[in-house]
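Text of protein_28.txt (compact mmCIF, C-alpha atoms and all ligand atoms) as supplied:
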# COMPACT_ATOMS: atom_id res chain seq x y z
CA MET M 413 22.15 -7.02 35.80
CA ASN M 414 18.87 -7.55 37.60
CA TRP M 415 15.46 -7.02 36.05
CA ASN M 416 14.85 -3.95 38.27
CA LEU M 417 17.07 -1.43 40.08
CA LEU M 418 15.20 -0.72 43.32
CA SER M 419 18.09 -0.71 45.81
CA ILE M 420 21.86 -0.45 45.52
CA ASN M 421 21.87 -3.96 46.99
CA ASP M 422 20.31 -5.25 43.77
CA LEU M 423 23.84 -4.96 42.35
CA SER M 424 26.94 -6.92 43.31
CA ARG M 425 30.31 -5.18 43.42
CA ASP M 426 31.16 -6.77 40.05
CA GLU M 427 27.92 -5.54 38.51
CA ILE M 428 28.60 -2.02 39.81
CA GLU M 429 32.09 -2.18 38.27
CA SER M 430 30.61 -3.32 35.01
CA VAL M 431 28.00 -0.48 34.89
CA LEU M 432 30.75 2.05 35.67
CA ALA M 433 32.92 0.62 32.91
CA THR M 434 30.04 0.93 30.42
CA ALA M 435 29.46 4.54 31.54
CA SER M 436 33.06 5.60 31.14
CA LYS M 437 33.94 3.55 28.06
CA ASP M 438 30.80 4.08 26.02
CA PHE M 439 28.87 7.09 27.26
CA LEU M 440 30.96 9.76 29.03
CA GLU M 441 32.61 11.03 25.84
CA LEU M 442 29.30 11.20 23.99
CA SER M 443 28.35 14.49 25.69
CA LYS M 444 31.41 16.13 24.17
CA ARG M 445 30.48 15.23 20.59
CA ASP M 446 28.51 17.56 18.32
CA ILE M 447 25.91 14.85 17.79
CA LYS M 448 25.12 13.45 21.20
CA LYS M 449 22.89 10.58 20.16
CA VAL M 450 23.36 6.84 19.55
CA PRO M 451 20.78 4.40 18.14
CA THR M 452 21.27 1.88 20.98
CA LEU M 453 17.70 1.84 22.35
CA ARG M 454 15.83 2.81 19.18
CA GLY M 455 12.26 1.48 19.33
CA ARG M 456 12.32 1.12 23.12
CA THR M 457 9.96 3.10 25.36
CA ILE M 458 10.90 4.70 28.67
CA ILE M 459 8.34 6.35 30.95
CA ASP M 460 9.65 8.68 33.67
CA LEU M 461 7.10 9.00 36.46
CA PHE M 462 7.96 11.85 38.85
CA TYR M 463 5.79 12.42 41.92
CA GLU M 464 8.34 14.74 43.53
CA LYS M 465 10.25 17.81 42.43
CA SER M 466 13.50 17.13 40.61
CA THR M 467 16.02 18.95 38.43
CA ARG M 468 19.13 16.75 38.04
CA THR M 469 17.56 13.31 38.28
CA SER M 470 14.63 14.02 35.95
CA THR M 471 16.72 15.94 33.41
CA SER M 472 19.42 13.29 33.28
CA PHE M 473 17.02 10.35 33.00
CA GLU M 474 15.14 12.12 30.19
CA LEU M 475 18.34 13.09 28.38
CA ALA M 476 19.82 9.62 28.90
CA GLY M 477 16.83 7.95 27.27
CA LYS M 478 16.78 10.46 24.40
CA ARG M 479 20.50 10.18 23.74
CA LEU M 480 20.03 6.41 23.50
CA SER M 481 17.25 7.09 20.92
CA ALA M 482 14.46 5.59 23.04
CA ASP M 483 11.00 7.16 23.03
CA VAL M 484 10.84 8.96 26.36
CA ILE M 485 7.62 10.12 28.00
CA ASN M 486 7.72 12.23 31.16
CA VAL M 487 4.77 12.10 33.53
CA LYS M 488 4.79 14.66 36.33
CA ALA M 489 2.31 14.05 39.14
CA ASP M 490 1.12 17.67 39.26
CA SER M 491 0.03 17.63 35.61
CA SER M 492 -1.27 14.02 35.42
CA ALA M 493 -4.43 12.19 36.50
CA VAL M 494 -2.79 11.79 39.94
CA GLY M 495 -4.28 15.22 40.64
CA LYS M 496 -7.70 13.68 39.89
CA GLY M 497 -7.27 11.07 42.61
CA GLU M 498 -5.77 8.18 40.63
CA SER M 499 -3.84 5.71 42.80
CA LEU M 500 -0.25 4.67 42.16
CA LYS M 501 -1.50 1.16 41.30
CA ASP M 502 -3.97 2.46 38.70
CA THR M 503 -1.45 4.89 37.22
CA THR M 504 1.05 2.01 36.90
CA LEU M 505 -1.54 -0.30 35.28
CA THR M 506 -2.45 2.50 32.85
CA ILE M 507 1.16 3.17 31.90
CA ASN M 508 1.87 -0.56 31.66
CA ALA M 509 -0.83 -0.84 28.98
CA TYR M 510 1.51 1.11 26.65
CA ARG M 511 4.07 -1.70 27.10
CA PRO M 512 7.05 0.44 28.14
CA ASP M 513 10.47 -1.21 28.47
CA ILE M 514 11.52 0.86 31.49
CA ILE M 515 9.60 2.83 34.11
CA VAL M 516 11.66 5.31 36.14
CA ILE M 517 9.86 6.35 39.31
CA ARG M 518 10.45 9.02 41.95
CA HIS M 519 7.90 9.08 44.77
CA PRO M 520 7.66 10.50 48.31
CA HIS M 521 6.92 7.11 49.90
CA VAL M 522 9.41 4.42 50.87
CA GLY M 523 8.80 1.27 48.84
CA ALA M 524 6.95 3.02 45.98
CA ALA M 525 9.32 1.70 43.30
CA ALA M 526 9.00 -1.88 44.59
CA PHE M 527 5.21 -1.42 44.65
CA VAL M 528 5.17 -0.23 41.01
CA SER M 529 7.25 -3.25 39.97
CA ARG M 530 4.38 -5.54 41.07
CA PHE M 531 2.03 -4.08 38.47
CA THR M 532 4.18 -3.85 35.36
CA GLU M 533 6.23 -6.05 33.07
CA ALA M 534 8.61 -3.12 32.50
CA HIS M 535 11.99 -2.87 34.22
CA VAL M 536 11.61 -0.45 37.14
CA ILE M 537 14.33 2.00 38.20
CA ASN M 538 14.02 3.68 41.58
CA ALA M 539 14.85 7.38 41.14
CA GLY M 540 14.23 8.02 44.86
CA ASP M 541 11.49 6.63 47.15
CA GLY M 542 10.93 8.96 50.11
CA LYS M 543 13.77 8.45 52.56
CA GLY M 544 14.24 4.91 51.24
CA GLU M 545 16.90 4.63 48.55
CA HIS M 546 18.38 6.41 45.54
CA PRO M 547 20.54 3.76 43.86
CA THR M 548 21.39 5.70 40.68
CA GLN M 549 22.70 8.62 42.78
CA CYS M 550 24.92 6.13 44.60
CA LEU M 551 26.26 4.77 41.31
CA LEU M 552 27.04 8.22 39.93
CA ASP M 553 28.76 9.14 43.20
CA ILE M 554 30.93 6.02 43.05
CA PHE M 555 31.67 6.87 39.41
CA SER M 556 32.70 10.45 40.32
CA LEU M 557 34.94 9.19 43.12
CA ARG M 558 36.51 6.66 40.77
CA GLN M 559 37.27 9.46 38.29
CA GLU M 560 39.01 11.47 41.02
CA PHE M 561 40.71 8.82 43.16
CA ARG M 562 41.00 5.75 40.84
CA ASN M 563 41.32 3.25 43.72
CA LEU M 564 38.38 3.30 46.12
CA GLU M 565 39.58 0.51 48.44
CA GLY M 566 40.11 1.98 51.93
CA LEU M 567 39.00 5.50 50.89
CA LYS M 568 37.57 7.35 53.91
CA VAL M 569 34.25 9.14 53.36
CA ALA M 570 32.36 11.29 55.86
CA ILE M 571 28.66 11.80 55.11
CA VAL M 572 27.56 15.02 56.82
CA GLY M 573 24.12 16.48 57.49
CA ASP M 574 20.51 15.34 57.52
CA ILE M 575 21.17 11.60 57.30
CA LEU M 576 17.85 10.70 58.94
CA HIS M 577 15.79 11.94 56.00
CA SER M 578 18.22 11.05 53.22
CA ARG M 579 17.66 8.25 50.71
CA VAL M 580 21.05 9.18 49.25
CA ALA M 581 22.70 8.38 52.60
CA ARG M 582 20.86 5.04 52.82
CA SER M 583 22.08 3.95 49.39
CA ASN M 584 25.55 5.44 49.77
CA ILE M 585 26.36 3.98 53.19
CA GLN M 586 25.76 0.54 51.69
CA GLY M 587 27.18 1.22 48.23
CA PHE M 588 30.37 2.91 49.43
CA GLN M 589 31.09 0.04 51.84
CA LYS M 590 30.42 -2.48 49.09
CA MET M 591 33.21 -0.80 47.09
CA GLY M 592 35.64 -1.11 50.03
CA MET M 593 35.34 2.45 51.38
CA LYS M 594 35.17 3.35 55.07
CA VAL M 595 32.12 5.44 55.99
CA LYS M 596 31.72 7.88 58.88
CA LEU M 597 28.42 9.67 59.57
CA VAL M 598 28.63 13.20 60.99
CA ALA M 599 25.39 14.76 62.26
CA PRO M 600 23.60 15.82 65.42
CA PRO M 601 22.02 12.74 67.10
CA SER M 602 18.56 14.04 66.16
CA LEU M 603 19.40 13.75 62.43
CA LEU M 604 20.69 10.18 62.59
CA PRO M 605 18.40 7.15 62.19
CA ARG M 606 18.11 5.04 65.33
CA GLY M 607 20.41 2.00 65.19
CA VAL M 608 22.40 3.40 62.25
CA GLU M 609 25.60 1.79 63.62
CA ALA M 610 24.14 -1.53 62.47
CA LEU M 611 24.91 -0.43 58.90
CA GLY M 612 28.61 -0.65 59.74
CA ALA M 613 29.44 3.07 59.68
CA GLU M 614 31.26 5.00 62.39
CA VAL M 615 29.28 7.89 63.93
CA ALA M 616 30.46 11.35 65.04
CA HIS M 617 28.72 14.56 66.03
CA SER M 618 31.13 17.35 65.16
CA LEU M 619 33.02 18.61 62.12
CA GLU M 620 36.29 17.84 63.91
CA ALA M 621 35.62 14.30 62.71
CA LEU M 622 36.42 15.45 59.14
CA ALA M 623 40.16 15.33 59.93
CA GLY M 624 41.81 12.45 58.08
CA MET M 625 38.90 11.87 55.70
CA ASP M 626 39.50 11.72 51.93
CA VAL M 627 35.97 12.68 50.94
CA ILE M 628 33.29 14.82 52.55
CA TYR M 629 29.80 14.10 51.27
CA LEU M 630 27.36 16.87 52.20
CA LEU M 631 23.60 16.56 52.51
CA ARG M 632 20.94 19.24 52.49
CA MET M 633 18.40 19.67 55.31
CA GLN M 634 15.48 17.81 53.74
CA THR M 635 12.78 19.88 55.41
CA GLU M 636 10.08 18.51 53.08
CA ARG M 637 10.41 15.24 55.03
CA HIS M 638 10.57 16.78 58.50
CA GLU M 639 7.26 15.81 60.09
CA SER M 640 7.95 18.31 62.86
CA ALA M 641 10.14 21.41 62.88
CA ASN M 642 12.12 20.24 65.90
CA PHE M 643 14.99 18.18 64.51
CA VAL M 644 17.47 20.91 65.42
CA PRO M 645 17.09 23.54 68.16
CA SER M 646 17.51 26.31 65.58
CA LEU M 647 18.78 26.55 62.02
CA ARG M 648 21.30 29.17 63.15
CA GLU M 649 22.81 26.78 65.66
CA TYR M 650 22.87 23.98 63.08
CA ILE M 651 24.69 26.22 60.61
CA ALA M 652 27.21 27.26 63.27
CA ASN M 653 28.04 23.60 63.98
CA TYR M 654 27.58 21.79 60.66
CA CYS M 655 27.95 24.20 57.72
CA VAL M 656 31.14 23.09 55.95
CA GLY M 657 33.49 25.69 54.51
CA ARG M 658 36.95 25.68 52.98
CA ARG M 659 38.47 26.31 56.40
CA HIS M 660 37.26 22.85 57.52
CA LEU M 661 39.17 21.08 54.73
CA THR M 662 42.72 19.84 54.61
CA LYS M 663 44.77 19.50 51.42
CA GLY M 664 43.50 16.89 48.99
CA GLN M 665 40.07 16.43 50.56
CA ARG M 666 37.23 16.50 48.03
CA VAL M 667 33.62 17.50 48.64
CA LEU M 668 30.58 15.86 47.04
CA HIS M 669 26.93 16.87 47.25
CA PRO M 670 23.96 15.31 45.42
CA GLY M 671 22.33 18.73 44.94
CA PRO M 672 20.33 20.84 45.28
CA ILE M 673 22.79 22.78 47.44
CA ASN M 674 21.67 25.32 50.01
CA ARG M 675 24.48 27.87 50.18
CA GLY M 676 25.13 29.05 53.71
CA VAL M 677 23.27 26.12 55.30
CA GLU M 678 25.22 22.86 54.73
CA ILE M 679 27.90 24.36 52.43
CA GLU M 680 29.56 27.78 52.54
CA ALA M 681 29.33 29.72 49.26
CA ALA M 682 33.12 29.88 48.81
CA LEU M 683 33.33 26.07 49.00
CA ALA M 684 30.41 25.71 46.58
CA ASP M 685 32.36 27.88 44.13
CA SER M 686 35.75 26.22 44.62
CA ASN M 687 37.30 23.36 42.67
CA GLU M 688 37.63 21.38 45.89
CA ASN M 689 34.11 20.17 45.24
CA LEU M 690 33.07 17.68 42.56
CA ILE M 691 29.43 18.76 42.38
CA LEU M 692 29.27 19.48 38.65
CA GLN M 693 31.37 16.39 37.86
CA GLN M 694 28.67 14.44 39.72
CA VAL M 695 25.99 16.03 37.53
CA GLU M 696 27.93 15.12 34.39
CA ALA M 697 28.50 11.59 35.66
CA GLY M 698 24.77 11.23 36.33
CA LEU M 699 23.97 11.34 32.64
CA ALA M 700 26.59 8.77 31.57
CA VAL M 701 25.76 6.45 34.46
CA ARG M 702 22.00 6.57 33.82
CA MET M 703 22.60 5.83 30.14
CA ALA M 704 24.74 2.87 31.18
CA ILE M 705 22.12 1.54 33.59
CA MET M 706 19.27 1.70 31.09
CA TYR M 707 21.43 0.17 28.39
CA ARG M 708 22.59 -2.68 30.66
CA ILE M 709 19.12 -3.44 32.01
CA ILE M 710 17.72 -3.78 28.51
CA VAL M 711 20.66 -5.50 26.84
CA ASP M 712 21.49 -7.92 29.67
CA ASN M 713 17.89 -8.96 30.13
CA ALA M 714 17.20 -9.21 26.40
CA ALA M 715 20.23 -11.49 26.10
CA ALA M 716 19.14 -13.52 29.14
CA GLY M 717 15.58 -13.79 27.80
CA GLU M 718 16.74 -15.01 24.41
CA ALA M 719 19.11 -17.51 25.98
CA ALA M 720 16.32 -18.85 28.20
CA SER M 721 13.77 -19.10 25.40
CA ASP M 722 16.13 -20.97 23.10
CA THR M 723 15.76 -24.65 23.89
CA ALA M 724 17.48 -25.92 20.73
CA SER M 725 21.06 -25.98 22.00
CA SER M 726 23.29 -23.99 24.31
CA LEU M 727 25.55 -23.24 21.35
CA HIS M 728 22.64 -21.78 19.44
CA ALA M 729 21.50 -19.82 22.51
CA GLY M 730 24.93 -18.21 22.80
CA ALA M 731 24.92 -17.22 19.16
CA ALA M 732 21.41 -15.78 19.41
CA SER M 733 22.17 -13.59 22.42
CA GLY M 734 25.48 -12.52 20.91
CA ALA M 735 23.81 -11.39 17.70
CA SER M 736 21.17 -9.43 19.54
CA GLU M 737 23.70 -7.71 21.76
CA ALA M 738 25.84 -6.79 18.78
CA GLU M 739 22.80 -5.30 17.10
CA ILE M 740 21.70 -3.25 20.10
CA ARG M 741 25.25 -2.31 20.95
CA ASN M 742 25.76 -0.45 17.72
CA ILE M 743 27.17 2.66 19.36
CA GLN M 744 27.51 4.84 16.28
CA ALA M 745 26.32 8.40 16.20
CA VAL M 746 23.03 8.80 14.37
CA GLY M 747 23.82 10.89 11.34
C1 LIG E 1 18.70 14.12 46.19
C2 LIG E 1 17.32 13.51 46.28
O1 LIG E 1 16.39 13.93 45.60
O2 LIG E 1 17.20 12.59 47.05
N1 LIG E 1 18.91 14.91 45.06
C3 LIG E 1 19.11 14.37 43.84
O3 LIG E 1 18.54 13.37 43.46
N2 LIG E 1 20.02 14.99 43.06
C4 LIG E 1 19.09 14.80 47.44
C5 LIG E 1 18.25 15.93 47.93
O4 LIG E 1 17.16 16.20 47.47
O5 LIG E 1 18.72 16.59 48.86
What do you get writing this file as structure tokens?
Amino acid sequence: MNWNLLSINDLSRDEIESVLATASKDFLELSKRDIKKVPTLRGRTIIDLFYEKSTRTSTSFELAGKRLSADVINVKADSSAVGKGESLKDTTLTINAYRPDIIVIRHPHVGAAAFVSRFTEAHVINAGDGKGEHPTQCLLDIFSLRQEFRNLEGLKVAIVGDILHSRVARSNIQGFQKMGMKVKLVAPPSLLPRGVEALGAEVAHSLEALAGMDVIYLLRMQTERHESANFVPSLREYIANYCVGRRHLTKGQRVLHPGPINRGVEIEAALADSNENLILQQVEAGLAVRMAIMYRIIVDNAAAGEAASDTASSLHAGAASGASEAEIRNIQAVG
């Protein structure tokens, strides 16, 4: 795996498969044990830097690091020196001085995670940069779909709602297609990015387009990113045309949503409460997938670093990286 995870395009299809395999084989079951902790990243430091509100992403990154036994520090912009005018560059340089292994960053501006990566030796994980990307959400969504459908090749997914302001949509359009799925975008023209067809997805403007889909992926109205209030003529009209309920589904269709859900806006309450949606499975997957990503970033790069620094012989290099991986990979519950 790459040094950083800034975009879903940092990962090949094979690397995505390999992260998903690590998540399901090593980490999914851990949550069901009494002792939910392994010593895998003991002695490593993870700093979670959140400049935007978050429940699922921040909780799961924090829990993931803690369950891997890393030292995890959470910095929230509203209680840090950011409120005293410190720039993102200076905050990154400050945090970098503690020599963290991983920095997880969520920020309202596109490109913030890439920017942070220029000022730190830590691995950087993008936990959402404005309407840019949200690669770990994409991975957990692919994981959840894999749990439900097994074979993703040719699976038809409709992404519905405020696509224009959604980093989840930007990562998922690319990630889903990379895994062989067919993507359709369903939204009013005012909530679609200009030139979105270039990303290879079909476009439709009414919920009739949900017929024949396997998966319906709902998005919230992300009003915090609406520079003006005029993206839809009225919320009432939007709800009348785009709020998805059970009556819109046909047998076997499954509904995903990254959360937070807004009942009665993009999803009817009865659908939110039905087992036709995979929303809580997505939340559960988020923890296992984020553990897998942090584990792979550290282990793969530690192995690569050791192999590169060993000039004695390729045989010796292989042995050195193997030993280190075996040591870190000791997935035994901490007693
Ligand atoms: C998404 C996000 O923050 O981009 N949520 C999440 O990470 N679970 C989607 C959203 O906020 O609507």
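Residues lying within 7 Å of (39.0, 10.8, 49.8). Counted over all atoms listed in the file, they are Leu567, Lys568, Val569, Met625, Asp626, Val627, Gln665 and Arg666 of chain M.
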Go ahead and save the residues from that selection, with C-alpha atoms, as a compact mmCIF listing (two decimals), in the frame of the given file.
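part39.txt, freshly written:
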# COMPACT_ATOMS: atom_id res chain seq x y z
CA LEU M 567 39.00 5.50 50.89
CA LYS M 568 37.57 7.35 53.91
CA VAL M 569 34.25 9.14 53.36
CA MET M 625 38.90 11.87 55.70
CA ASP M 626 39.50 11.72 51.93
CA VAL M 627 35.97 12.68 50.94
CA GLN M 665 40.07 16.43 50.56
CA ARG M 666 37.23 16.50 48.03
May I have the centre and edge lengths, in Å to one decimal, of an axis-aligned box around the listed atoms of ligand LIG 1 (chain E) with 5 Å added to every side, as JSON?
{"center_x": 18.2, "center_y": 14.6, "center_z": 46.0, "size_x": 13.6, "size_y": 14.0, "size_z": 15.8}
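Among all protein and nucleic acid residues, the ones that lie within 8 Å of ligand LIG 1 (chain E) when counting only C-alpha atoms and all ligand atoms are Lys465, Ser466, Thr467, Arg468, Thr469, Ala539, Gly540, Gly542, Lys543, His546, Gln549, Ser578, Arg579, Val580, Leu631, Arg632, Met633, Gln634, Pro670, Gly671, Pro672 and Ile673 of chain M.
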Save out the residues we just selected, C-alpha atoms, as a tab-separated table (two decimals), keeping the file's coordinate frame.
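After the write, part-v4.tsv holds the following:
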chain	number	residue	atom	x	y	z
M	465	LYS	CA	10.25	17.81	42.43
M	466	SER	CA	13.50	17.13	40.61
M	467	THR	CA	16.02	18.95	38.43
M	468	ARG	CA	19.13	16.75	38.04
M	469	THR	CA	17.56	13.31	38.28
M	539	ALA	CA	14.85	7.38	41.14
M	540	GLY	CA	14.23	8.02	44.86
M	542	GLY	CA	10.93	8.96	50.11
M	543	LYS	CA	13.77	8.45	52.56
M	546	HIS	CA	18.38	6.41	45.54
M	549	GLN	CA	22.70	8.62	42.78
M	578	SER	CA	18.22	11.05	53.22
M	579	ARG	CA	17.66	8.25	50.71
M	580	VAL	CA	21.05	9.18	49.25
M	631	LEU	CA	23.60	16.56	52.51
M	632	ARG	CA	20.94	19.24	52.49
M	633	MET	CA	18.40	19.67	55.31
M	634	GLN	CA	15.48	17.81	53.74
M	670	PRO	CA	23.96	15.31	45.42
M	671	GLY	CA	22.33	18.73	44.94
M	672	PRO	CA	20.33	20.84	45.28
M	673	ILE	CA	22.79	22.78	47.44
- prompt: Please, what distance in Å, to one decimal, runs between atom CA of M:Thr532 and atom CA of M:Leu505?
  reply: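 Distance reported for this atom pair: 6.7 Å.
Among the candidates M:Ser646, M:Pro605, M:Asp712, M:Gly676, the one nearest to M:Val431 when counting only C-alpha atoms is M:Asp712.
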message: Please list, as JSON, numbers by chain, the residues that have an atom at most 12 Å away from (3.8, 17.0, 34.6) in the coordinates of this file, counting only C-alpha atoms.
response: {"M": [460, 461, 462, 463, 464, 465, 466, 470, 485, 486, 487, 488, 489, 490, 491, 492, 493, 494, 495]}
Output stretch 591-601 of chain M as an mmCIF file, keeping the file's coordinate frame, making sure all heavy atoms are there.
data_model
loop_
_atom_site.group_PDB
_atom_site.id
_atom_site.type_symbol
_atom_site.label_atom_id
_atom_site.label_comp_id
_atom_site.auth_asym_id
_atom_site.auth_seq_id
_atom_site.Cartn_x
_atom_site.Cartn_y
_atom_site.Cartn_z
ATOM 1 N N MET M 591 32.042 -1.055 47.940
ATOM 2 C CA MET M 591 33.210 -0.800 47.090
ATOM 3 C C MET M 591 34.513 -0.719 47.905
ATOM 4 O O MET M 591 35.554 -0.328 47.390
ATOM 5 C CB MET M 591 33.028 0.508 46.300
ATOM 6 C CG MET M 591 31.784 0.551 45.426
ATOM 7 S SD MET M 591 31.575 -0.869 44.350
ATOM 8 C CE MET M 591 32.839 -0.580 43.122
ATOM 9 N N GLY M 592 34.423 -1.049 49.203
ATOM 10 C CA GLY M 592 35.640 -1.110 50.030
ATOM 11 C C GLY M 592 35.976 0.184 50.749
ATOM 12 O O GLY M 592 37.052 0.302 51.342
ATOM 13 N N MET M 593 35.060 1.170 50.702
ATOM 14 C CA MET M 593 35.340 2.450 51.380
ATOM 15 C C MET M 593 34.934 2.370 52.858
ATOM 16 O O MET M 593 34.086 1.558 53.229
ATOM 17 C CB MET M 593 34.560 3.582 50.709
ATOM 18 C CG MET M 593 34.979 3.844 49.286
ATOM 19 S SD MET M 593 34.036 5.226 48.608
ATOM 20 C CE MET M 593 33.231 4.446 47.242
ATOM 21 N N LYS M 594 35.525 3.272 53.646
ATOM 22 C CA LYS M 594 35.170 3.350 55.070
ATOM 23 C C LYS M 594 34.263 4.564 55.253
ATOM 24 O O LYS M 594 34.616 5.667 54.817
ATOM 25 C CB LYS M 594 36.417 3.535 55.921
ATOM 26 C CG LYS M 594 37.444 2.433 55.747
ATOM 27 C CD LYS M 594 37.983 2.024 57.095
ATOM 28 C CE LYS M 594 38.962 0.865 57.039
ATOM 29 N NZ LYS M 594 38.756 -0.107 55.981
ATOM 30 N N VAL M 595 33.115 4.373 55.901
ATOM 31 C CA VAL M 595 32.120 5.440 55.990
ATOM 32 C C VAL M 595 31.964 5.921 57.435
ATOM 33 O O VAL M 595 31.843 5.117 58.357
ATOM 34 C CB VAL M 595 30.752 4.969 55.441
ATOM 35 C CG1 VAL M 595 29.717 6.084 55.544
ATOM 36 C CG2 VAL M 595 30.884 4.489 53.996
ATOM 37 N N LYS M 596 31.983 7.258 57.583
ATOM 38 C CA LYS M 596 31.720 7.880 58.880
ATOM 39 C C LYS M 596 30.506 8.799 58.690
ATOM 40 O O LYS M 596 30.414 9.487 57.675
ATOM 41 C CB LYS M 596 32.943 8.705 59.290
ATOM 42 C CG LYS M 596 32.911 9.209 60.702
ATOM 43 C CD LYS M 596 34.067 10.155 60.968
ATOM 44 C CE LYS M 596 35.336 9.442 61.371
ATOM 45 N NZ LYS M 596 36.392 10.394 61.788
ATOM 46 N N LEU M 597 29.597 8.800 59.654
ATOM 47 C CA LEU M 597 28.420 9.670 59.570
ATOM 48 C C LEU M 597 28.591 10.803 60.567
ATOM 49 O O LEU M 597 28.868 10.552 61.747
ATOM 50 C CB LEU M 597 27.156 8.876 59.883
ATOM 51 C CG LEU M 597 26.978 7.591 59.056
ATOM 52 C CD1 LEU M 597 25.759 6.815 59.523
ATOM 53 C CD2 LEU M 597 26.854 7.927 57.573
ATOM 54 N N VAL M 598 28.431 12.042 60.106
ATOM 55 C CA VAL M 598 28.630 13.200 60.990
ATOM 56 C C VAL M 598 27.341 14.015 60.995
ATOM 57 O O VAL M 598 26.937 14.588 59.969
ATOM 58 C CB VAL M 598 29.811 14.068 60.503
ATOM 59 C CG1 VAL M 598 30.043 15.227 61.468
ATOM 60 C CG2 VAL M 598 31.080 13.238 60.347
ATOM 61 N N ALA M 599 26.674 14.057 62.146
ATOM 62 C CA ALA M 599 25.390 14.760 62.260
ATOM 63 C C ALA M 599 25.023 14.891 63.723
ATOM 64 O O ALA M 599 25.535 14.128 64.553
ATOM 65 C CB ALA M 599 24.305 13.954 61.539
ATOM 66 N N PRO M 600 24.111 15.818 64.041
ATOM 67 C CA PRO M 600 23.600 15.820 65.420
ATOM 68 C C PRO M 600 22.792 14.525 65.636
ATOM 69 O O PRO M 600 22.231 13.996 64.667
ATOM 70 C CB PRO M 600 22.692 17.056 65.471
ATOM 71 C CG PRO M 600 22.412 17.420 64.052
ATOM 72 C CD PRO M 600 23.518 16.861 63.216
ATOM 73 N N PRO M 601 22.740 14.006 66.866
ATOM 74 C CA PRO M 601 22.020 12.740 67.100
ATOM 75 C C PRO M 601 20.594 12.770 66.576
ATOM 76 O O PRO M 601 20.083 11.756 66.097
ATOM 77 C CB PRO M 601 22.035 12.618 68.635
ATOM 78 C CG PRO M 601 23.221 13.411 69.067
ATOM 79 C CD PRO M 601 23.388 14.532 68.073
#
